[in-house]
$ cat model.cif   # mmCIF, C-alpha atoms
data_final
#
loop_
_atom_site.label_atom_id
_atom_site.label_comp_id
_atom_site.auth_asym_id
_atom_site.auth_seq_id
_atom_site.Cartn_x
_atom_site.Cartn_y
_atom_site.Cartn_z
CA MET A 1 144.84 93.43 125.51
CA ALA A 2 141.63 95.06 124.33
CA ALA A 3 140.55 98.10 126.30
CA ILE A 4 136.91 97.10 125.83
CA ASP A 5 135.03 94.16 124.39
CA ILE A 6 131.57 94.55 122.80
CA LEU A 7 129.48 91.39 122.54
CA PHE A 8 126.07 91.26 120.85
CA HIS A 9 123.46 89.07 122.56
CA GLY A 10 120.36 90.42 120.78
CA VAL A 11 120.17 92.51 117.61
CA ARG A 12 116.49 92.41 116.52
CA GLY A 13 113.94 95.13 116.89
CA SER A 14 110.28 95.10 117.88
CA LEU A 15 109.81 91.34 118.31
CA ALA A 16 111.97 88.26 118.78
CA SER A 17 112.12 86.29 115.52
CA PRO A 18 113.61 82.80 115.83
CA GLY A 19 113.54 80.62 112.73
CA SER A 20 115.49 79.00 109.94
CA SER A 21 115.86 82.28 108.02
CA THR A 22 117.34 84.19 110.99
CA ILE A 23 119.87 81.68 112.36
CA GLU A 24 123.00 83.58 111.30
CA VAL A 25 121.93 87.07 112.37
CA GLY A 26 119.92 85.82 115.35
CA GLY A 27 116.38 86.41 116.52
CA ASN A 28 116.75 87.89 120.02
CA THR A 29 115.89 91.50 120.75
CA SER A 30 118.23 94.26 121.87
CA CYS A 31 121.02 93.41 124.30
CA ILE A 32 124.71 94.35 124.09
CA GLU A 33 127.45 93.75 126.65
CA ILE A 34 130.38 96.15 126.97
CA SER A 35 133.08 94.83 129.26
CA SER A 36 136.60 95.61 130.35
CA GLU A 37 138.75 94.66 133.29
CA HIS A 38 136.66 96.75 135.69
CA GLN A 39 133.28 97.34 134.00
CA ARG A 40 130.32 95.33 132.81
CA ILE A 41 127.81 97.62 131.10
CA VAL A 42 124.75 96.20 129.37
CA LEU A 43 122.81 98.14 126.77
CA ASP A 44 119.13 97.20 126.90
CA ALA A 45 117.44 94.15 128.39
CA GLY A 46 115.74 92.50 125.44
CA THR A 47 115.39 88.73 125.09
CA GLY A 48 119.14 88.48 124.43
CA LEU A 49 119.69 89.25 128.13
CA ARG A 50 118.81 85.66 129.06
CA ALA A 51 121.86 84.24 127.25
CA LEU A 52 124.06 86.96 128.77
CA GLY A 53 122.88 85.97 132.26
CA GLU A 54 123.78 82.35 131.64
CA ARG A 55 127.17 83.40 130.30
CA ILE A 56 127.85 85.58 133.34
CA MET A 57 127.00 82.77 135.74
CA ARG A 58 129.08 80.22 133.83
CA ARG A 59 132.05 82.57 133.52
CA ASP A 60 131.83 83.71 137.14
CA ARG A 61 131.79 80.18 138.48
CA LEU A 62 134.64 78.90 136.32
CA ASP A 63 136.93 81.86 135.80
CA ASP A 64 136.44 84.47 138.47
CA PRO A 65 135.14 83.44 141.91
CA SER A 66 135.03 87.09 142.96
CA ALA A 67 132.99 88.20 139.95
CA HIS A 68 129.79 88.48 142.01
CA THR A 69 131.32 91.65 143.44
CA LYS A 70 131.71 93.08 139.91
CA ASN A 71 128.80 95.40 139.36
CA THR A 72 126.56 94.97 136.31
CA THR A 73 125.01 98.17 135.01
CA ILE A 74 122.07 97.96 132.59
CA LEU A 75 121.40 101.11 130.56
CA LEU A 76 117.90 101.04 129.07
CA SER A 77 117.13 103.06 125.97
CA HIS A 78 113.44 102.90 126.95
CA VAL A 79 110.88 100.49 128.38
CA HIS A 80 109.11 99.15 125.30
CA TRP A 81 108.65 95.38 125.58
CA ASP A 82 111.45 94.39 123.22
CA HIS A 83 113.96 96.27 125.38
CA ILE A 84 112.99 94.98 128.84
CA GLN A 85 111.48 91.54 128.23
CA GLY A 86 114.69 89.69 129.09
CA LEU A 87 115.04 91.15 132.59
CA PRO A 88 112.78 88.63 134.38
CA PHE A 89 114.86 85.84 132.78
CA PHE A 90 118.27 87.30 133.70
CA THR A 91 119.64 84.71 136.13
CA PRO A 92 121.80 87.13 138.19
CA ILE A 93 118.70 88.92 139.52
CA TYR A 94 117.92 85.71 141.45
CA VAL A 95 121.40 85.45 143.00
CA PRO A 96 121.47 86.81 146.58
CA GLY A 97 123.56 89.95 146.80
CA PHE A 98 124.45 90.13 143.10
CA PRO A 99 125.02 93.88 142.40
CA ILE A 100 122.95 95.26 139.52
CA ASP A 101 122.17 98.88 138.62
CA VAL A 102 119.41 99.65 136.10
CA ILE A 103 119.38 103.17 134.63
CA SER A 104 117.29 105.01 132.07
CA GLY A 105 115.81 108.43 131.45
CA PRO A 106 112.29 109.64 132.28
CA ASN A 107 109.60 107.79 130.32
CA GLY A 108 106.94 110.45 130.86
CA PHE A 109 104.52 108.15 132.67
CA MET A 110 106.06 106.67 135.81
CA PRO A 111 109.43 106.16 137.54
CA LEU A 112 111.60 103.45 135.97
CA GLU A 113 111.36 101.27 139.08
CA GLU A 114 107.57 101.31 138.92
CA ALA A 115 107.62 100.28 135.25
CA LEU A 116 109.88 97.31 136.00
CA ARG A 117 107.83 96.40 139.05
CA ARG A 118 104.65 96.28 136.94
CA GLN A 119 106.35 94.00 134.42
CA MET A 120 107.15 91.52 137.20
CA SER A 121 103.76 91.37 138.90
CA PRO A 122 100.67 89.13 138.68
CA PRO A 123 99.14 88.19 136.33
CA PHE A 124 102.08 88.93 134.00
CA PHE A 125 104.89 87.14 135.86
CA PRO A 126 104.98 84.73 138.84
CA VAL A 127 107.96 86.28 140.67
CA ALA A 128 107.40 89.75 142.13
CA PHE A 129 110.03 92.42 141.61
CA ASP A 130 110.17 93.11 145.35
CA ASP A 131 111.03 89.46 146.06
CA LEU A 132 114.25 89.48 144.02
CA PRO A 133 117.24 88.58 146.24
CA SER A 134 119.87 90.40 144.16
CA ARG A 135 121.17 93.79 145.22
CA MET A 136 119.40 95.77 142.53
CA SER A 137 119.12 99.53 142.33
CA VAL A 138 116.96 101.35 139.79
CA ARG A 139 117.13 105.03 138.94
CA ASP A 140 116.21 107.66 136.37
CA GLU A 141 118.93 109.99 135.07
CA ARG A 142 118.48 113.40 133.48
CA PRO A 143 118.75 113.73 129.66
CA GLY A 144 121.93 115.52 128.68
CA HIS A 145 123.50 114.50 131.96
CA THR A 146 126.93 112.86 132.15
CA PHE A 147 127.50 110.39 134.96
CA VAL A 148 130.11 107.83 135.96
CA VAL A 149 129.52 104.06 136.01
CA GLU A 150 132.35 102.07 137.57
CA GLY A 151 134.92 104.43 136.07
CA ALA A 152 133.21 104.73 132.67
CA GLN A 153 131.86 108.14 131.67
CA VAL A 154 128.30 107.91 130.33
CA THR A 155 126.44 110.68 128.53
CA MET A 156 122.71 110.28 127.88
CA ALA A 157 120.76 112.12 125.17
CA ARG A 158 117.08 112.16 124.15
CA LEU A 159 116.38 110.62 120.74
CA ASN A 160 113.43 110.79 118.33
CA HIS A 161 110.79 108.10 119.05
CA PRO A 162 107.03 107.97 119.78
CA ASP A 163 107.77 107.42 123.49
CA PRO A 164 110.82 108.89 125.25
CA VAL A 165 113.99 107.04 124.28
CA TYR A 166 117.64 107.71 125.07
CA GLY A 167 120.99 107.18 123.40
CA TYR A 168 124.24 106.71 125.27
CA ARG A 169 127.87 107.65 124.75
CA ILE A 170 130.13 105.43 126.86
CA GLU A 171 133.78 106.37 127.25
CA ILE A 172 136.27 103.93 128.77
CA ASP A 173 140.04 104.42 128.70
CA GLY A 174 139.85 106.84 125.78
CA VAL A 175 137.50 104.63 123.74
CA ALA A 176 134.03 105.96 122.88
CA VAL A 177 131.02 103.76 122.03
CA VAL A 178 127.69 105.35 121.05
CA TYR A 179 124.42 103.43 121.22
CA ALA A 180 121.48 105.03 119.42
CA THR A 181 118.59 102.71 118.69
CA ASP A 182 114.86 103.31 118.28
CA THR A 183 115.44 106.72 116.79
CA GLU A 184 114.06 108.25 113.61
CA HIS A 185 116.19 110.45 111.41
CA TYR A 186 115.15 113.92 110.38
CA SER A 187 115.36 115.41 106.87
CA CYS A 188 118.88 116.30 107.94
CA VAL A 189 121.23 114.65 110.43
CA ASP A 190 119.94 115.09 113.99
CA PRO A 191 122.33 117.72 115.40
CA GLY A 192 122.02 116.41 118.95
CA LEU A 193 122.83 112.87 117.87
CA SER A 194 125.69 114.11 115.72
CA THR A 195 127.14 115.82 118.78
CA LEU A 196 126.72 112.67 120.88
CA ALA A 197 128.47 110.55 118.25
CA ARG A 198 131.23 113.03 117.38
CA GLY A 199 134.54 111.16 116.89
CA ALA A 200 133.22 107.90 118.38
CA ASP A 201 135.15 104.71 117.76
CA ILE A 202 131.95 102.67 117.46
CA LEU A 203 128.45 103.89 116.51
CA ILE A 204 125.67 101.32 117.00
CA TYR A 205 122.64 102.71 115.19
CA ASP A 206 119.03 101.79 114.41
CA ALA A 207 118.74 100.66 110.77
CA GLN A 208 115.43 98.82 110.90
CA TYR A 209 114.14 99.95 107.51
CA THR A 210 115.45 100.30 104.00
CA PRO A 211 115.00 103.75 102.45
CA GLU A 212 112.33 102.27 100.17
CA GLU A 213 110.39 100.85 103.12
CA TYR A 214 110.68 104.08 105.05
CA ARG A 215 109.30 106.12 102.15
CA GLY A 216 106.41 103.68 101.60
CA GLU A 217 107.49 102.47 98.18
CA CYS A 218 106.90 98.84 99.20
CA GLY A 219 104.15 98.76 101.78
CA PRO A 220 102.93 101.45 104.18
CA SER A 221 105.17 104.42 104.89
CA LYS A 222 107.23 104.06 108.07
CA VAL A 223 107.55 107.80 108.61
CA GLY A 224 106.71 108.56 112.24
CA TRP A 225 107.26 104.99 113.43
CA GLY A 226 110.42 105.95 115.33
CA HIS A 227 113.07 104.00 113.41
CA SER A 228 115.74 104.78 110.85
CA THR A 229 117.52 103.45 107.75
CA PHE A 230 121.03 102.35 106.85
CA GLU A 231 121.25 105.36 104.53
CA ALA A 232 120.63 107.77 107.42
CA ALA A 233 123.06 105.75 109.56
CA CYS A 234 125.85 106.22 107.00
CA GLU A 235 125.18 109.95 106.71
CA LEU A 236 125.34 110.31 110.49
CA ALA A 237 128.55 108.26 110.65
CA ARG A 238 130.19 110.45 108.00
CA GLN A 239 129.11 113.72 109.57
CA ALA A 240 130.10 112.68 113.09
CA GLY A 241 133.44 111.26 111.97
CA VAL A 242 133.01 107.84 113.59
CA ARG A 243 135.46 105.02 112.92
CA GLN A 244 133.07 102.06 112.77
CA LEU A 245 129.32 101.90 112.08
CA VAL A 246 127.25 98.97 113.32
CA LEU A 247 123.75 98.51 111.86
CA PHE A 248 121.37 97.40 114.62
CA HIS A 249 117.71 96.74 115.53
CA HIS A 250 117.05 94.64 112.44
CA ASP A 251 113.42 94.27 111.43
CA PRO A 252 111.94 91.01 112.81
CA GLY A 253 110.90 89.98 109.28
CA ARG A 254 114.40 90.50 107.84
CA SER A 255 116.14 87.27 106.77
CA ASP A 256 119.88 86.63 107.06
CA ASP A 257 120.31 87.22 103.33
CA GLN A 258 118.37 90.47 103.48
CA VAL A 259 120.50 91.76 106.37
CA ALA A 260 123.63 90.88 104.36
CA GLU A 261 122.23 92.80 101.37
CA ILE A 262 121.58 95.87 103.54
CA GLU A 263 125.11 95.56 104.94
CA GLU A 264 126.51 95.55 101.40
CA ARG A 265 124.46 98.58 100.37
CA ALA A 266 125.60 100.46 103.46
CA ARG A 267 129.26 99.68 102.83
CA ALA A 268 128.97 101.38 99.44
CA LEU A 269 128.11 104.56 101.35
CA PHE A 270 130.32 104.11 104.44
CA PRO A 271 132.90 101.31 104.00
CA ALA A 272 133.57 100.81 107.73
CA THR A 273 130.13 99.28 108.29
CA VAL A 274 129.03 95.93 109.70
CA ALA A 275 125.60 94.54 110.49
CA ALA A 276 125.23 93.44 114.11
CA ARG A 277 124.81 89.68 114.54
CA GLU A 278 124.22 87.65 117.69
CA ARG A 279 127.43 86.36 119.27
CA GLY A 280 129.34 88.91 117.20
CA ARG A 281 132.22 90.62 118.96
CA ILE A 282 133.97 93.93 118.45
CA ALA A 283 137.24 94.48 120.30
CA VAL A 284 138.54 98.03 120.61
CA GLY A 285 142.01 98.46 122.06
CA SER A 286 144.72 101.01 122.72
CA GLU A 287 148.30 100.76 121.51
CA GLN A 288 150.84 103.41 122.47
CA GLY A 289 148.00 105.80 123.26
CA ALA A 290 146.27 105.35 119.89
CA VAL A 291 142.92 103.66 119.52
CA ARG A 292 142.89 100.57 117.31
CA SER A 293 139.57 99.05 116.24
CA ASP A 294 139.33 95.43 115.12
CA ALA A 295 135.63 95.06 114.29
CA THR A 296 134.22 91.74 113.11
CA ALA A 297 130.58 91.66 114.20
CA SER A 298 129.67 88.18 113.01
CA PRO A 299 128.94 84.88 114.78
CA ARG A 300 132.23 83.48 113.54
CA ALA A 301 134.08 86.14 115.49
CA ALA A 302 132.72 85.07 118.88
#
$ encode --input "model.cif" --output "structure tokens"
Amino acid sequence: MAAIDILFHGVRGSLASPGSSTIEVGGNTSCIEISSEHQRIVLDAGTGLRALGERIMRRDRLDDPSAHTKNTTILLSHVHWDHIQGLPFFTPIYVPGFPIDVISGPNGFMPLEEALRRQMSPPFFPVAFDDLPSRMSVRDERPGHTFVVEGAQVTMARLNHPDPVYGYRIEIDGVAVVYATDTEHYSCVDPGLSTLARGADILIYDAQYTPEEYRGECGPSKVGWGHSTFEAACELARQAGVRQLVLFHHDPGRSDDQVAEIEERARALFPATVAARERGRIAVGSEQGAVRSDATASPRAA
């Protein structure tokens, strides 16, 4: 039995992009579910969170009548629209007593709870945050701090983005998953991020741009925009000694074929690479104390 299961519900960056050219990869923005027997941890609350909420309600009703007592923790990288827009459409927040914790780091402007409250207030949304019947708690954690979420050890680190953004290292039963999106690489590998990702089983990393796009060889330069490339992702994965690299936060204008091309280019640099796709699943398990990774992040794997 897998120690943890990683399911991708939204893999786009910046803006949801439904359409005929994005059907395979998917058009929803950032949302990943990490689950095990005792934990349900969600990384970001982009538009993909809506489908996750429906899945939770369907699964809870059919498979696990006691699942409403299983806490759902949402770790937000930051509060830009594409990372929180799914929260008002997450069905469990309307279920009386449903336990939900929302955590992020300081955004430099206001407490996290105030930011989420403003999102769900007139004239932007018809249901007020304070009227939600779920049992929701919201809190800011300190960068560099390690805390425990339902038995999982979580370490949070500041990344490189125009507004404050945070990456997470989540360790469950000896398995380590690192989530680092909306971060821009330096001229060398970010030493803090390399430390966060050291020896991780899975590294999920922002690869929104190609190196050519980043340098401005085809359109305006993307330097300073707060995102990275597959080339930088592979260099980080090599230096940190990770087992599996997952390219994430695909540009909203990137077609399925273009994502596949980037995936192929990345594999030439770091063979253990996949591009994240909606409904893709990565199962990471333990066998006789050793970690075994069976990663197939594609819709066919769901």
$ residues_around --input "model.cif" --residues "Phe248 (chain A)" --least-positions-apart "3" --cutoff "6 Å" --atoms "only C-alpha atoms" --output "JSON list (two decimals) with C-alpha atoms, keeping the file's coordinate frame"
[["chain", "number", "residue", "atom", "x", "y", "z"],
["A", 11, "VAL", "CA", 120.17, 92.51, 117.61],
["A", 205, "TYR", "CA", 122.64, 102.71, 115.19],
["A", 206, "ASP", "CA", 119.03, 101.79, 114.41],
["A", 207, "ALA", "CA", 118.74, 100.66, 110.77],
["A", 276, "ALA", "CA", 125.23, 93.44, 114.11]]
$ resolve_selection --input "model.cif" --expression "the PyMOL selection byres ((chain A and resi 75) around 6)" --output "ChimeraX atom specification"
/A:43-44,74,76,103-104
$ residues_around --input "model.cif" --residues "region 138-147 of chain A" --least-positions-apart "5" --cutoff "8 Å" --atoms "all atoms listed in the file" --output "list in words"
Asp101, Val102, Ile103, Ser104, Gly105, Pro106, Pro111, Leu112, Glu113, Gln153, Val154, Thr155, Met156, Ala157, Arg158 and Tyr166 of chain A
$ write_last_selection --input "model.cif" --atoms "C-alpha atoms" --output "PDB file, in the coordinates of the input"
ATOM      1  CA  ASP A 101     122.170  98.880 138.620  1.00  0.00           C
ATOM      2  CA  VAL A 102     119.410  99.650 136.100  1.00  0.00           C
ATOM      3  CA  ILE A 103     119.380 103.170 134.630  1.00  0.00           C
ATOM      4  CA  SER A 104     117.290 105.010 132.070  1.00  0.00           C
ATOM      5  CA  GLY A 105     115.810 108.430 131.450  1.00  0.00           C
ATOM      6  CA  PRO A 106     112.290 109.640 132.280  1.00  0.00           C
ATOM      7  CA  PRO A 111     109.430 106.160 137.540  1.00  0.00           C
ATOM      8  CA  LEU A 112     111.600 103.450 135.970  1.00  0.00           C
ATOM      9  CA  GLU A 113     111.360 101.270 139.080  1.00  0.00           C
ATOM     10  CA  GLN A 153     131.860 108.140 131.670  1.00  0.00           C
ATOM     11  CA  VAL A 154     128.300 107.910 130.330  1.00  0.00           C
ATOM     12  CA  THR A 155     126.440 110.680 128.530  1.00  0.00           C
ATOM     13  CA  MET A 156     122.710 110.280 127.880  1.00  0.00           C
ATOM     14  CA  ALA A 157     120.760 112.120 125.170  1.00  0.00           C
ATOM     15  CA  ARG A 158     117.080 112.160 124.150  1.00  0.00           C
ATOM     16  CA  TYR A 166     117.640 107.710 125.070  1.00  0.00           C
TER      17      TYR A 166
END
$ residues_around --input "model.cif" --residues "Thr183 (chain A)" --least-positions-apart "3" --cutoff "7 Å" --atoms "only C-alpha atoms" --output "list of chain:residue names"
A:Leu159, A:Asn160, A:His161, A:Ala180, A:Asp206, A:Gly226, A:His227, A:Ser228
$ resolve_selection --input "model.cif" --expression "the PyMOL selection byres ((chain A and resi 41) around 8)" --output "PyMOL selection string"
chain A and resi 33-35+39-40+42-43+72-75
$ closest_residue --input "model.cif" --among "A:Gly13, A:Gly48, A:Pro162, A:Pro126" --to "Asn28 (chain A)" --atoms "only C-alpha atoms"
A:Gly48
$ resolve_selection --input "model.cif" --expression "the PyMOL selection byres ((chain A and resi 229) around 12)" --output "MDAnalysis selection string"
chainID A and resid 181:186 205:215 222:223 225:228 230:236 247:251 262:263 265:266
$ closest_residue --input "model.cif" --among "A:Asp190, A:Asp5, A:Asp173, A:Asp131" --to "Ile32 (chain A)" --atoms "only C-alpha atoms"
A:Asp5
$ atom_distance --input "model.cif" --atom1 "CA of Pro18 (chain A)" --atom2 "CA of Gly53 (chain A)"
19.1 Å
